[in-house]
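Trainee: Got a structure for you, written out below as structure tokens; questions coming shortly.
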Amino acid sequence: MRYMRHAKGTLTVVAVTAACHTLMSAGYTRVQDSRASDDHTMFSGAFEFLLTTAASWALMPLLLWAGMRMMGETGNAVLVLVGGLVWVGVSGHFIDDIDRPGGRIPVLALTAYVLLCTGLAGVGPDRPR
């Protein structure tokens, strides 16, 4: 078992998940504010909603890769690809939960995501000793 790689993966995944969740929460709060100020406009806040969602989905794999590289780990393709795709699924499934005032993705779903990605962080080439 590669305990240090898993520990680095856990730290990275928790930080990146918190950052992307906060981005979505703050972005959707701004969407709600935009909708409240423009009651008569059709599709008010739609651009902000799409921008927030796209930013979260694009940043997750990028930040996973950058975080693992900062920790000195290479060979993170599986974590980056699968972690990014699973984030799209998790955040897309719970988008109605987070897209309301004070909303958030359920803690159980975030915990399952972190555990999955922690397991994926261990996949990669062995470093020479």
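Every chain in the structure tokens has a letter given in the order shown (A, B, ...), and although residue numbers restart at 1 in each chain, ligands are simply numbered from 1 in the order shown.
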Excluding same-chain residues fewer than 3 positions from range 48-60 of chain A, what lies within 12 Å of it counting only C-alpha atoms, as JSON, numbers by chain?
Mentor: {"A": [12, 13, 14, 15, 16, 17, 18, 19, 20, 21, 22, 23, 24, 25, 26, 27, 28, 29, 30, 31, 32, 33, 34, 35, 43, 44, 45, 63, 64, 65, 66, 67, 79, 80, 81, 82, 83, 84, 85, 86, 87, 88, 89, 90, 91, 92, 94, 95, 96, 98, 99, 100, 117]}
Trainee: Record the distance separating CA of Val123 in chain A and CA of Thr10 in chain A, expressed in Å with one decimal.
Mentor: 13.0 Å
Trainee: With only C-alpha atoms as the counted atoms, please give the residues lying no more than 9 Å from Val78 in chain A, apart from itself and same-chain residues fewer than 6 positions off, as a ChimeraX atom specification.
Mentor: /A:120-121,123-124
Trainee: Can you write just those residues out, N, CA and C atoms, as a compact mmCIF listing (two decimals), in the first residue's frame?
Mentor:
```txt
# COMPACT_ATOMS: atom_id res chain seq x y z
N LEU A 120 -8.54 6.47 -5.79
CA LEU A 120 -7.97 6.70 -7.12
C LEU A 120 -6.59 7.35 -7.05
N ALA A 121 -6.33 8.09 -6.00
CA ALA A 121 -5.04 8.76 -5.86
C ALA A 121 -3.90 7.75 -5.73
N VAL A 123 -3.60 5.08 -7.44
CA VAL A 123 -3.31 4.48 -8.74
C VAL A 123 -2.29 5.36 -9.45
N GLY A 124 -1.22 4.75 -9.89
CA GLY A 124 -0.20 5.50 -10.61
C GLY A 124 1.11 4.75 -10.56
```
Trainee: Select from chain A everything DSSP, run on the backbone, classes as alpha helix (DSSP H), then give the selection as a VMD selection string.
Mentor: chain A and resid 3 to 37 46 to 70 77 to 93 95 to 98 107 to 121
Trainee: Measure the distance from CA of Met70 in chain A to CA of Tyr113 in chain A in Å and round it to one decimal.
Mentor: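 Between CA of Met70 in chain A and CA of Tyr113 in chain A the gap is 21.1 Å.
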Trainee: CA of Arg104 in chain A and CA of Leu62 in chain A are how many Å apart?
Mentor: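 Rounded to one decimal, the two atoms are 22.1 Å apart.
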